[in-house]
$ cat model-v6.txt   # compact mmCIF, C-alpha atoms and all ligand atoms
# COMPACT_ATOMS: atom_id res chain seq x y z
CA MET A 15 45.03 -58.43 -20.71
CA THR A 16 42.74 -61.25 -19.79
CA ASP A 17 39.73 -59.54 -18.18
CA SER A 18 37.44 -58.24 -20.93
CA ASP A 19 35.88 -55.68 -18.55
CA VAL A 20 39.18 -53.91 -18.01
CA LEU A 21 39.22 -50.59 -19.87
CA LEU A 22 42.59 -49.28 -18.70
CA GLU A 23 45.53 -51.14 -17.25
CA VAL A 24 48.54 -49.18 -16.04
CA ARG A 25 51.62 -51.29 -15.35
CA ASN A 26 54.78 -50.17 -13.56
CA LEU A 27 54.42 -46.65 -14.92
CA LYS A 28 57.35 -44.27 -14.40
CA LYS A 29 58.04 -40.67 -15.33
CA HIS A 30 61.44 -39.27 -14.40
CA PHE A 31 62.07 -35.68 -15.48
CA PRO A 32 65.75 -34.88 -16.04
CA ILE A 33 67.30 -31.85 -14.30
CA ARG A 34 69.92 -30.25 -16.52
CA LYS A 35 72.64 -27.83 -15.53
CA GLY A 36 75.51 -25.93 -17.10
CA VAL A 37 76.22 -24.77 -20.63
CA LEU A 38 76.18 -28.34 -21.90
CA LYS A 39 72.84 -29.00 -20.17
CA LYS A 40 74.25 -32.07 -18.52
CA VAL A 41 71.71 -34.22 -16.66
CA VAL A 42 72.60 -33.96 -12.97
CA ALA A 43 69.55 -35.61 -11.39
CA HIS A 44 65.99 -36.74 -12.03
CA VAL A 45 62.65 -35.76 -10.51
CA LYS A 46 60.99 -39.11 -9.99
CA ALA A 47 57.45 -37.76 -10.40
CA VAL A 48 55.96 -41.22 -10.96
CA ASP A 49 57.96 -44.24 -9.93
CA GLY A 50 56.34 -47.58 -10.64
CA VAL A 51 52.58 -47.12 -10.47
CA SER A 52 50.15 -49.93 -11.40
CA PHE A 53 46.35 -50.06 -11.33
CA SER A 54 43.40 -50.92 -13.55
CA VAL A 55 40.04 -49.32 -14.32
CA ARG A 56 37.06 -51.38 -15.43
CA LYS A 57 34.42 -50.18 -17.86
CA GLY A 58 31.90 -47.88 -16.18
CA GLU A 59 33.68 -47.65 -12.82
CA THR A 60 35.51 -44.83 -11.04
CA LEU A 61 39.04 -45.04 -9.77
CA GLY A 62 40.10 -42.31 -7.34
CA LEU A 63 43.76 -41.29 -7.44
CA VAL A 64 44.55 -39.43 -4.23
CA GLY A 65 47.54 -37.87 -2.50
CA GLU A 66 49.06 -34.57 -1.44
CA SER A 67 50.20 -31.99 -3.94
CA GLY A 68 53.35 -33.17 -5.77
CA CYS A 69 52.69 -36.90 -5.30
CA GLY A 70 52.61 -37.50 -9.07
CA LYS A 71 48.87 -38.06 -9.54
CA THR A 72 48.48 -35.34 -12.19
CA THR A 73 51.54 -36.67 -14.05
CA VAL A 74 49.84 -40.09 -14.22
CA GLY A 75 46.75 -38.42 -15.74
CA ARG A 76 48.86 -36.54 -18.27
CA MET A 77 50.65 -39.71 -19.37
CA ILE A 78 47.28 -41.38 -19.95
CA MET A 79 46.19 -38.35 -22.01
CA GLY A 80 49.39 -38.55 -24.06
CA ALA A 81 50.77 -35.20 -22.85
CA TYR A 82 53.90 -36.91 -21.44
CA ARG A 83 55.72 -39.97 -22.73
CA PRO A 84 56.38 -42.40 -19.86
CA THR A 85 60.00 -43.14 -18.97
CA GLU A 86 59.02 -46.76 -18.43
CA GLY A 87 55.93 -48.93 -18.11
CA SER A 88 52.75 -49.41 -20.11
CA ILE A 89 49.21 -48.01 -20.31
CA TRP A 90 46.90 -50.53 -21.98
CA PHE A 91 43.61 -49.08 -23.20
CA SER A 92 40.83 -51.21 -24.70
CA PRO A 93 38.96 -49.26 -27.39
CA PRO A 94 35.17 -49.66 -27.18
CA ASN A 95 35.01 -50.81 -30.82
CA GLY A 96 36.24 -54.27 -29.84
CA LYS A 97 39.73 -53.80 -31.28
CA PRO A 98 42.62 -55.25 -29.23
CA PRO A 99 44.10 -53.11 -26.41
CA LEU A 100 46.70 -50.52 -27.37
CA ASP A 101 49.63 -49.36 -25.27
CA LEU A 102 49.30 -45.57 -24.94
CA ALA A 103 52.89 -45.42 -23.65
CA SER A 104 54.29 -46.37 -27.06
CA ILE A 105 51.43 -45.57 -29.43
CA ASP A 106 52.14 -43.61 -32.61
CA PRO A 107 50.43 -40.21 -33.03
CA GLY A 108 48.08 -41.46 -35.77
CA ASP A 109 46.67 -44.24 -33.59
CA MET A 110 46.42 -41.81 -30.65
CA ARG A 111 44.34 -39.43 -32.80
CA GLU A 112 41.94 -42.31 -33.53
CA LEU A 113 41.66 -43.12 -29.83
CA ARG A 114 41.30 -39.50 -28.69
CA PRO A 115 37.45 -39.43 -28.88
CA HIS A 116 37.35 -42.32 -26.40
CA ILE A 117 39.57 -40.65 -23.76
CA GLN A 118 38.73 -37.14 -22.62
CA MET A 119 39.80 -34.86 -19.80
CA ILE A 120 38.14 -32.39 -17.43
CA PHE A 121 40.62 -29.83 -16.15
CA GLN A 122 40.99 -28.28 -12.73
CA ASP A 123 40.54 -24.65 -13.73
CA PRO A 124 37.38 -23.89 -15.71
CA PHE A 125 38.59 -20.28 -16.07
CA ALA A 126 41.76 -21.21 -17.95
CA SER A 127 40.54 -24.26 -19.87
CA LEU A 128 37.87 -22.52 -21.99
CA ASN A 129 38.81 -20.32 -24.94
CA PRO A 130 37.44 -16.85 -24.06
CA ARG A 131 36.99 -15.97 -27.77
CA MET A 132 34.66 -18.88 -28.52
CA THR A 133 30.94 -19.09 -27.77
CA ILE A 134 29.57 -21.97 -25.76
CA ARG A 135 28.15 -23.47 -28.96
CA GLU A 136 31.63 -23.37 -30.55
CA ILE A 137 33.43 -24.72 -27.48
CA ILE A 138 31.12 -27.71 -27.08
CA GLY A 139 30.75 -28.32 -30.82
CA GLU A 140 34.46 -28.15 -31.68
CA PRO A 141 35.33 -31.81 -30.86
CA LEU A 142 32.34 -32.93 -32.97
CA ILE A 143 33.58 -30.90 -35.94
CA VAL A 144 37.27 -31.83 -35.57
CA ASN A 145 36.40 -35.54 -35.36
CA LYS A 146 33.90 -35.21 -38.28
CA VAL A 147 31.05 -36.51 -36.12
CA ALA A 148 28.42 -33.85 -36.84
CA ARG A 149 27.84 -30.60 -38.70
CA GLY A 150 24.99 -28.26 -39.61
CA GLU A 151 21.66 -29.05 -37.99
CA GLU A 152 22.91 -32.30 -36.49
CA LEU A 153 25.73 -30.37 -34.79
CA ASP A 154 23.23 -27.89 -33.33
CA ARG A 155 21.04 -30.73 -32.11
CA ARG A 156 23.97 -32.51 -30.40
CA VAL A 157 25.24 -29.31 -28.75
CA HIS A 158 21.71 -28.46 -27.56
CA GLU A 159 21.39 -31.95 -26.06
CA LEU A 160 24.78 -31.66 -24.29
CA VAL A 161 23.97 -28.21 -22.90
CA GLU A 162 20.74 -29.58 -21.44
CA MET A 163 22.52 -32.67 -20.09
CA VAL A 164 24.82 -30.50 -17.95
CA GLY A 165 21.94 -28.35 -16.68
CA LEU A 166 22.57 -25.14 -18.67
CA GLN A 167 20.03 -23.13 -20.66
CA PRO A 168 20.19 -23.75 -24.45
CA GLN A 169 19.29 -20.07 -25.07
CA HIS A 170 22.69 -19.14 -23.60
CA MET A 171 24.68 -21.05 -26.25
CA SER A 172 25.72 -17.83 -28.00
CA ARG A 173 27.35 -16.38 -24.90
CA TYR A 174 31.06 -16.38 -24.12
CA PRO A 175 32.66 -18.08 -21.09
CA HIS A 176 33.14 -14.83 -19.16
CA ALA A 177 29.35 -14.54 -18.84
CA PHE A 178 29.22 -17.66 -16.64
CA SER A 179 30.08 -18.45 -13.02
CA GLY A 180 32.84 -20.93 -12.07
CA GLY A 181 30.37 -23.77 -11.59
CA GLN A 182 28.67 -23.05 -14.92
CA ARG A 183 32.03 -22.96 -16.69
CA GLN A 184 32.89 -26.35 -15.27
CA ARG A 185 29.53 -27.59 -16.61
CA ILE A 186 30.58 -26.29 -20.05
CA SER A 187 33.92 -28.14 -19.73
CA ILE A 188 32.05 -31.30 -18.82
CA ALA A 189 29.69 -30.94 -21.81
CA ARG A 190 32.72 -30.56 -24.10
CA ALA A 191 34.45 -33.60 -22.56
CA MET A 192 31.26 -35.68 -23.02
CA SER A 193 30.53 -34.54 -26.57
CA LEU A 194 32.09 -37.62 -28.17
CA TYR A 195 30.64 -40.07 -25.60
CA PRO A 196 34.05 -41.15 -24.30
CA ALA A 197 34.71 -44.45 -22.57
CA LEU A 198 37.15 -42.88 -20.10
CA VAL A 199 37.27 -39.39 -18.60
CA VAL A 200 40.32 -38.23 -16.65
CA ALA A 201 39.05 -35.60 -14.19
CA ASP A 202 41.96 -33.70 -12.63
CA GLU A 203 40.80 -31.94 -9.45
CA PRO A 204 37.63 -30.83 -11.29
CA THR A 205 36.08 -29.15 -8.25
CA SER A 206 39.08 -27.68 -6.42
CA ALA A 207 38.75 -24.23 -8.05
CA LEU A 208 35.06 -24.00 -7.13
CA ASP A 209 33.16 -22.81 -4.06
CA VAL A 210 32.33 -25.59 -1.61
CA SER A 211 28.61 -25.05 -2.25
CA VAL A 212 29.10 -25.76 -5.97
CA GLN A 213 31.45 -28.74 -5.60
CA ALA A 214 28.67 -31.18 -4.64
CA GLN A 215 26.58 -30.09 -7.64
CA ILE A 216 29.45 -30.82 -10.02
CA VAL A 217 30.15 -34.20 -8.41
CA ASN A 218 26.45 -35.13 -8.66
CA LEU A 219 26.39 -34.03 -12.29
CA ALA A 220 29.43 -36.22 -13.04
CA LEU A 221 27.66 -39.17 -11.39
CA ASP A 222 24.42 -38.61 -13.35
CA ILE A 223 26.35 -38.52 -16.60
CA GLN A 224 28.21 -41.71 -15.67
CA ASP A 225 24.83 -43.41 -15.14
CA LYS A 226 23.56 -42.18 -18.52
CA LEU A 227 26.65 -42.85 -20.63
CA GLY A 228 28.26 -45.76 -18.76
CA LEU A 229 31.71 -44.16 -18.89
CA ALA A 230 34.61 -44.70 -16.49
CA TYR A 231 36.35 -41.94 -14.52
CA LEU A 232 39.89 -41.59 -13.33
CA PHE A 233 39.20 -39.00 -10.64
CA ILE A 234 42.33 -37.23 -9.43
CA SER A 235 42.08 -35.34 -6.14
CA HIS A 236 43.94 -34.36 -2.99
CA ASP A 237 40.64 -34.71 -1.10
CA LEU A 238 39.97 -38.22 0.16
CA GLY A 239 36.57 -37.09 1.48
CA LEU A 240 35.45 -36.02 -1.98
CA ILE A 241 36.73 -39.16 -3.63
CA ARG A 242 34.75 -41.27 -1.21
CA HIS A 243 31.55 -40.04 -2.83
CA PHE A 244 31.89 -42.09 -5.92
CA SER A 245 35.05 -44.13 -6.28
CA ASN A 246 34.83 -47.88 -6.66
CA LYS A 247 38.56 -48.25 -6.06
CA ILE A 248 41.19 -45.93 -4.66
CA VAL A 249 44.92 -45.56 -5.25
CA VAL A 250 46.78 -43.59 -2.56
CA MET A 251 50.03 -42.10 -3.87
CA TYR A 252 53.05 -40.62 -2.08
CA VAL A 253 56.17 -39.25 -3.86
CA GLY A 254 55.35 -41.03 -7.08
CA ARG A 255 54.62 -44.43 -5.57
CA VAL A 256 51.49 -46.37 -4.62
CA MET A 257 51.07 -46.62 -0.86
CA GLU A 258 47.69 -48.36 -0.88
CA TYR A 259 45.34 -49.69 -3.55
CA ALA A 260 41.97 -51.22 -2.71
CA PRO A 261 38.19 -51.03 -3.16
CA ALA A 262 36.93 -47.77 -1.63
CA GLN A 263 34.90 -49.54 1.03
CA ASN A 264 37.95 -51.46 2.30
CA ILE A 265 40.03 -48.29 2.45
CA PHE A 266 37.45 -46.30 4.37
CA GLU A 267 36.49 -49.09 6.76
CA ARG A 268 39.98 -50.33 7.46
CA PRO A 269 42.97 -48.51 5.93
CA ARG A 270 46.14 -50.58 5.92
CA HIS A 271 48.72 -47.85 5.39
CA PRO A 272 49.60 -45.12 7.93
CA TYR A 273 49.62 -42.47 5.18
CA THR A 274 46.03 -43.34 4.22
CA GLU A 275 45.03 -43.15 7.88
CA ALA A 276 46.63 -39.69 8.17
CA LEU A 277 44.81 -38.41 5.05
CA MET A 278 41.56 -39.84 6.35
CA SER A 279 41.91 -38.29 9.79
CA ASN A 280 41.83 -34.88 8.13
CA VAL A 281 38.50 -35.42 6.37
CA PRO A 282 35.88 -33.20 8.08
CA THR A 283 34.04 -35.06 10.85
CA THR A 284 30.46 -34.97 12.12
CA ARG A 285 31.81 -35.70 15.62
CA PRO A 286 33.56 -32.62 17.04
CA GLU A 287 34.91 -34.63 20.00
CA LEU A 288 37.13 -36.53 17.53
CA ILE A 289 38.81 -33.44 16.09
CA GLY A 290 41.61 -33.83 18.65
CA ARG A 291 42.41 -37.26 17.16
CA ARG A 292 43.49 -35.75 13.88
CA ILE A 293 46.92 -36.88 12.75
CA VAL A 294 49.15 -33.92 12.01
CA LEU A 295 51.94 -35.14 9.79
CA ARG A 296 55.45 -34.04 10.74
CA GLY A 297 57.59 -32.22 8.21
CA GLU A 298 57.16 -31.76 4.50
CA THR A 299 56.31 -34.18 1.71
CA ALA A 300 59.43 -36.08 0.65
CA ASP A 301 61.53 -34.62 -2.17
CA PRO A 302 60.96 -36.61 -5.40
CA ILE A 303 64.51 -35.73 -6.54
CA ASN A 304 66.03 -37.36 -3.51
CA PRO A 305 63.39 -39.44 -1.70
CA PRO A 306 64.30 -40.90 1.72
CA PRO A 307 65.81 -44.41 1.72
CA GLY A 308 63.62 -47.31 2.80
CA CYS A 309 59.96 -46.37 3.10
CA PRO A 310 59.58 -42.88 1.58
CA PHE A 311 57.01 -42.04 4.27
CA HIS A 312 59.21 -43.01 7.24
CA PRO A 313 60.35 -39.47 8.29
CA ARG A 314 56.68 -38.54 8.84
CA CYS A 315 55.21 -41.85 9.98
CA LEU A 316 53.88 -42.28 13.54
CA TYR A 317 54.60 -46.00 13.46
CA ALA A 318 58.10 -46.02 11.89
CA GLU A 319 60.68 -48.47 13.21
CA GLU A 320 64.32 -49.01 12.35
CA VAL A 321 63.63 -51.27 9.38
CA CYS A 322 61.51 -48.54 7.76
CA ALA A 323 64.52 -46.29 7.20
CA ASN A 324 66.51 -49.00 5.47
CA VAL A 325 64.24 -51.37 3.58
CA VAL A 326 61.72 -50.36 0.90
CA PRO A 327 58.39 -52.04 1.74
CA PRO A 328 56.97 -53.86 -1.29
CA LEU A 329 53.38 -53.28 -2.39
CA ALA A 330 52.05 -56.48 -0.83
CA GLU A 331 48.70 -58.16 -1.40
CA LEU A 332 46.91 -58.30 1.99
CA SER A 333 43.68 -59.77 0.65
CA PRO A 334 42.26 -60.11 -2.85
CA GLU A 335 42.25 -56.60 -4.36
CA HIS A 336 43.81 -54.92 -1.28
CA GLN A 337 47.48 -53.92 -1.49
CA ALA A 338 49.63 -51.75 0.76
CA ALA A 339 53.31 -50.81 0.87
CA CYS A 340 54.06 -50.93 4.60
CA HIS A 341 56.19 -53.37 6.62
CA PHE A 342 53.53 -53.47 9.34
CA SER A 343 50.27 -53.47 7.36
CA ARG A 344 49.23 -56.79 8.87
CA GLU A 345 49.98 -55.81 12.48
CA LEU A 346 48.77 -52.21 12.69
CA ASN A 347 45.18 -51.57 13.67
CA LEU A 348 44.60 -48.27 11.86
CA THR A 349 41.50 -46.13 12.28
CA GLY A 350 39.06 -45.95 9.38
CA CYS A 351 36.81 -43.15 8.25
CA ASP A 352 33.70 -44.62 9.81
CA ALA A 353 35.30 -44.63 13.28
CA LEU A 354 36.43 -41.05 12.68
CA GLY A 355 32.89 -39.90 11.82
CA CYS A 356 33.83 -38.59 8.38
CA ALA A 357 31.18 -36.10 7.31
CA VAL A 358 30.98 -37.26 3.71
FE1 LIG A 401 55.36 -46.23 8.45
FE2 LIG A 401 57.25 -48.09 8.36
FE3 LIG A 401 54.88 -48.58 7.32
FE4 LIG A 401 56.51 -46.86 6.14
S1 LIG A 401 56.84 -49.04 6.40
S2 LIG A 401 54.36 -46.59 6.50
S3 LIG A 401 57.45 -45.92 7.90
S4 LIG A 401 55.34 -48.22 9.50

$ encode --input "model-v6.txt" --output "structure tokens" --more "lines below"
Ligand code: SF4
Amino acid sequence: MTDSDVLLEVRNLKKHFPIRKGVLKKVVAHVKAVDGVSFSVRKGETLGLVGESGCGKTTVGRMIMGAYRPTEGSIWFSPPNGKPPLDLASIDPGDMRELRPHIQMIFQDPFASLNPRMTIREIIGEPLIVNKVARGEELDRRVHELVEMVGLQPQHMSRYPHAFSGGQRQRISIARAMSLYPALVVADEPTSALDVSVQAQIVNLALDIQDKLGLAYLFISHDLGLIRHFSNKIVVMYVGRVMEYAPAQNIFERPRHPYTEALMSNVPTTRPELIGRRIVLRGETADPINPPPGCPFHPRCLYAEEVCANVVPPLAELSPEHQAACHFSRELNLTGCDALGCAV
């Protein structure tokens, strides 16, 4: 890596899950969950990874967290201690343990991700104990500070998760993820299990903490409207591949891929007269076991032409930092979020 501000660089990342059948468990096909994804995250910035369910975005997050070994590709992470970047795709478990404090995750479901038999003090303090960062009075002080940082009452530290609402539980998850002051937090749909009224509070909390700690987020979501709130750059994924990758402002002002335009047209609008302009995609998301030939989006695309069914469009650079995988990115005049009156 040449840019010293780059914290994470994902290159040509692939994850193909084998499908086995028969007594001999012979491999008969592969689910191409992630199929050649590249992007980078700079220190202190937020990258939004967006797409419909099954597009492979969560699998990307899990490979970064070390839960899955990539089939191919690399994940370069620069530790904050000034050591050279390490490839998480081929790292040995000992080195990964050393890096773990610097990369944390916030899960989608705050009901399932907290141990119901541990108090809040124990849940938030556990990473500090396991990583030998604090104990005794210092541990209490750090946990107290974290509880206050996420807007909970320190006098409730002896309670168990069931005593809290969904939003409060997600605050506890965030406090735990921040306990070691990570450089990168992978947030996988952190608000999708919460009431709409609570979602904005959690997003604002995540932003406040980013300001305080200077950390970077990889924010995974199916909701382009939510991601708009705080992403510096956005990657739009479809059946394991990158359809568009650009600074958030470029994407929202002028999307260059028909799939991005379709996602955007479904963000709630402040202009009811534009509701009729919503793009309703035909058919189902493509099957990652057997994706369509050519452009994987072509069976659902409003602008598809003959070439789209036969030739895979490369992820082409349209301007510095703006890439899209569409044969007609330069010709199409797609509608952006501002013209659609997105209410976010
Ligand atoms: Fe649509 Fe063709 Fe572009 Fe694919 S390459 S997004 S099918 S216009």

$ residues_near_ligand --input "model-v6.txt" --ligand "ligand LIG 401 (chain A)" --cutoff "6 Å" --atoms "only C-alpha atoms and all ligand atoms" --output "ChimeraX atom specification"
/A:271-272,309,311-312,315,317-319,322,327,340-342

$ residues_around --input "model-v6.txt" --residues "region 115-121 of chain A" --least-positions-apart "3" --cutoff "6 Å" --atoms "all atoms listed in the file" --output "list in words"
Ala191, Leu194, Pro196, Ala197, Leu198, Val199, Val200, Ala201, Asp202 and Pro204 of chain A

$ residues_around --input "model-v6.txt" --residues "Glu112 (chain A)" --least-positions-apart "4" --cutoff "10 Å" --atoms "all atoms listed in the file" --output "MDAnalysis selection string"
chainID A and resid 93 107:108 116 145

$ residues_near_point --input "model-v6.txt" --point "(52.7, -47.0, -1.3)" --cutoff "9 Å" --atoms "all atoms listed in the file" --output "list in words"
Val249, Val250, Met251, Tyr252, Val253, Gly254, Arg255, Val256, Met257, Glu258, Tyr259, His271, Tyr273, Cys309, Pro310, Phe311, Pro327, Pro328, Leu329, Gln337, Ala338, Ala339 and Cys340 of chain A

$ atom_distance --input "model-v6.txt" --atom1 "CA of Ile134 (chain A)" --atom2 "CA of Leu113 (chain A)"
24.7 Å

$ atom_distance --input "model-v6.txt" --atom1 "CA of Leu22 (chain A)" --atom2 "CA of Arg270 (chain A)"
24.9 Å

$ atom_distance --input "model-v6.txt" --atom1 "CA of Lys226 (chain A)" --atom2 "CA of Leu160 (chain A)"
12.1 Å

$ residues_around --input "model-v6.txt" --residues "Arg34 (chain A)" --least-positions-apart "6" --cutoff "12 Å" --atoms "all atoms listed in the file" --output "PDB file with C-alpha atoms, in the coordinates of the input"
ATOM      1  CA  LYS A  40      74.250 -32.070 -18.520  1.00  0.00           C
ATOM      2  CA  VAL A  41      71.710 -34.220 -16.660  1.00  0.00           C
ATOM      3  CA  VAL A  42      72.600 -33.960 -12.970  1.00  0.00           C
ATOM      4  CA  ALA A  43      69.550 -35.610 -11.390  1.00  0.00           C
ATOM      5  CA  HIS A  44      65.990 -36.740 -12.030  1.00  0.00           C
ATOM      6  CA  VAL A  45      62.650 -35.760 -10.510  1.00  0.00           C
TER       7      VAL A  45
END

$ residues_around --input "model-v6.txt" --residues "Phe125 (chain A)" --least-positions-apart "2" --cutoff "8 Å" --atoms "only C-alpha atoms" --output "list in words"
Asp123, Ser127, Leu128, Gly180 and Arg183 of chain A

$ residues_around --input "model-v6.txt" --residues "region 167-177 of chain A" --least-positions-apart "2" --cutoff "12 Å" --atoms "all atoms listed in the file" --output "PyMOL selection string"
chain A and resi 124-139+154-165+179-187+189

$ write_last_selection --input "model-v6.txt" --atoms "C-alpha atoms" --output "PDB file, keeping the file's coordinate frame"
ATOM      1  CA  PRO A 124      37.380 -23.890 -15.710  1.00  0.00           C
ATOM      2  CA  PHE A 125      38.590 -20.280 -16.070  1.00  0.00           C
ATOM      3  CA  ALA A 126      41.760 -21.210 -17.950  1.00  0.00           C
ATOM      4  CA  SER A 127      40.540 -24.260 -19.870  1.00  0.00           C
ATOM      5  CA  LEU A 128      37.870 -22.520 -21.990  1.00  0.00           C
ATOM      6  CA  ASN A 129      38.810 -20.320 -24.940  1.00  0.00           C
ATOM      7  CA  PRO A 130      37.440 -16.850 -24.060  1.00  0.00           C
ATOM      8  CA  ARG A 131      36.990 -15.970 -27.770  1.00  0.00           C
ATOM      9  CA  MET A 132      34.660 -18.880 -28.520  1.00  0.00           C
ATOM     10  CA  THR A 133      30.940 -19.090 -27.770  1.00  0.00           C
ATOM     11  CA  ILE A 134      29.570 -21.970 -25.760  1.00  0.00           C
ATOM     12  CA  ARG A 135      28.150 -23.470 -28.960  1.00  0.00           C
ATOM     13  CA  GLU A 136      31.630 -23.370 -30.550  1.00  0.00           C
ATOM     14  CA  ILE A 137      33.430 -24.720 -27.480  1.00  0.00           C
ATOM     15  CA  ILE A 138      31.120 -27.710 -27.080  1.00  0.00           C
ATOM     16  CA  GLY A 139      30.750 -28.320 -30.820  1.00  0.00           C
ATOM     17  CA  ASP A 154      23.230 -27.890 -33.330  1.00  0.00           C
ATOM     18  CA  ARG A 155      21.040 -30.730 -32.110  1.00  0.00           C
ATOM     19  CA  ARG A 156      23.970 -32.510 -30.400  1.00  0.00           C
ATOM     20  CA  VAL A 157      25.240 -29.310 -28.750  1.00  0.00           C
ATOM     21  CA  HIS A 158      21.710 -28.460 -27.560  1.00  0.00           C
ATOM     22  CA  GLU A 159      21.390 -31.950 -26.060  1.00  0.00           C
ATOM     23  CA  LEU A 160      24.780 -31.660 -24.290  1.00  0.00           C
ATOM     24  CA  VAL A 161      23.970 -28.210 -22.900  1.00  0.00           C
ATOM     25  CA  GLU A 162      20.740 -29.580 -21.440  1.00  0.00           C
ATOM     26  CA  MET A 163      22.520 -32.670 -20.090  1.00  0.00           C
ATOM     27  CA  VAL A 164      24.820 -30.500 -17.950  1.00  0.00           C
ATOM     28  CA  GLY A 165      21.940 -28.350 -16.680  1.00  0.00           C
ATOM     29  CA  SER A 179      30.080 -18.450 -13.020  1.00  0.00           C
ATOM     30  CA  GLY A 180      32.840 -20.930 -12.070  1.00  0.00           C
ATOM     31  CA  GLY A 181      30.370 -23.770 -11.590  1.00  0.00           C
ATOM     32  CA  GLN A 182      28.670 -23.050 -14.920  1.00  0.00           C
ATOM     33  CA  ARG A 183      32.030 -22.960 -16.690  1.00  0.00           C
ATOM     34  CA  GLN A 184      32.890 -26.350 -15.270  1.00  0.00           C
ATOM     35  CA  ARG A 185      29.530 -27.590 -16.610  1.00  0.00           C
ATOM     36  CA  ILE A 186      30.580 -26.290 -20.050  1.00  0.00           C
ATOM     37  CA  SER A 187      33.920 -28.140 -19.730  1.00  0.00           C
ATOM     38  CA  ALA A 189      29.690 -30.940 -21.810  1.00  0.00           C
TER      39      ALA A 189
END

$ closest_residue --input "model-v6.txt" --among "A:Thr73, A:Ser104, A:Ser193, A:Asn347" --to "Ala148 (chain A)" --atoms "only C-alpha atoms"
A:Ser193

$ closest_residue --input "model-v6.txt" --among "A:Gly68, A:Gly75, A:Gly355, A:Gly96" --to "Val281 (chain A)" --atoms "all atoms listed in the file"
A:Gly355

$ closest_residue --input "model-v6.txt" --among "A:Met192, A:Ile248, A:Leu295, A:Val210" --to "Pro313 (chain A)" --atoms "all atoms listed in the file"
A:Leu295

$ closest_residue --input "model-v6.txt" --among "A:Asn264, A:Phe233, A:Ile188, A:Leu100" --to "Leu219 (chain A)" --atoms "only C-alpha atoms"
A:Ile188
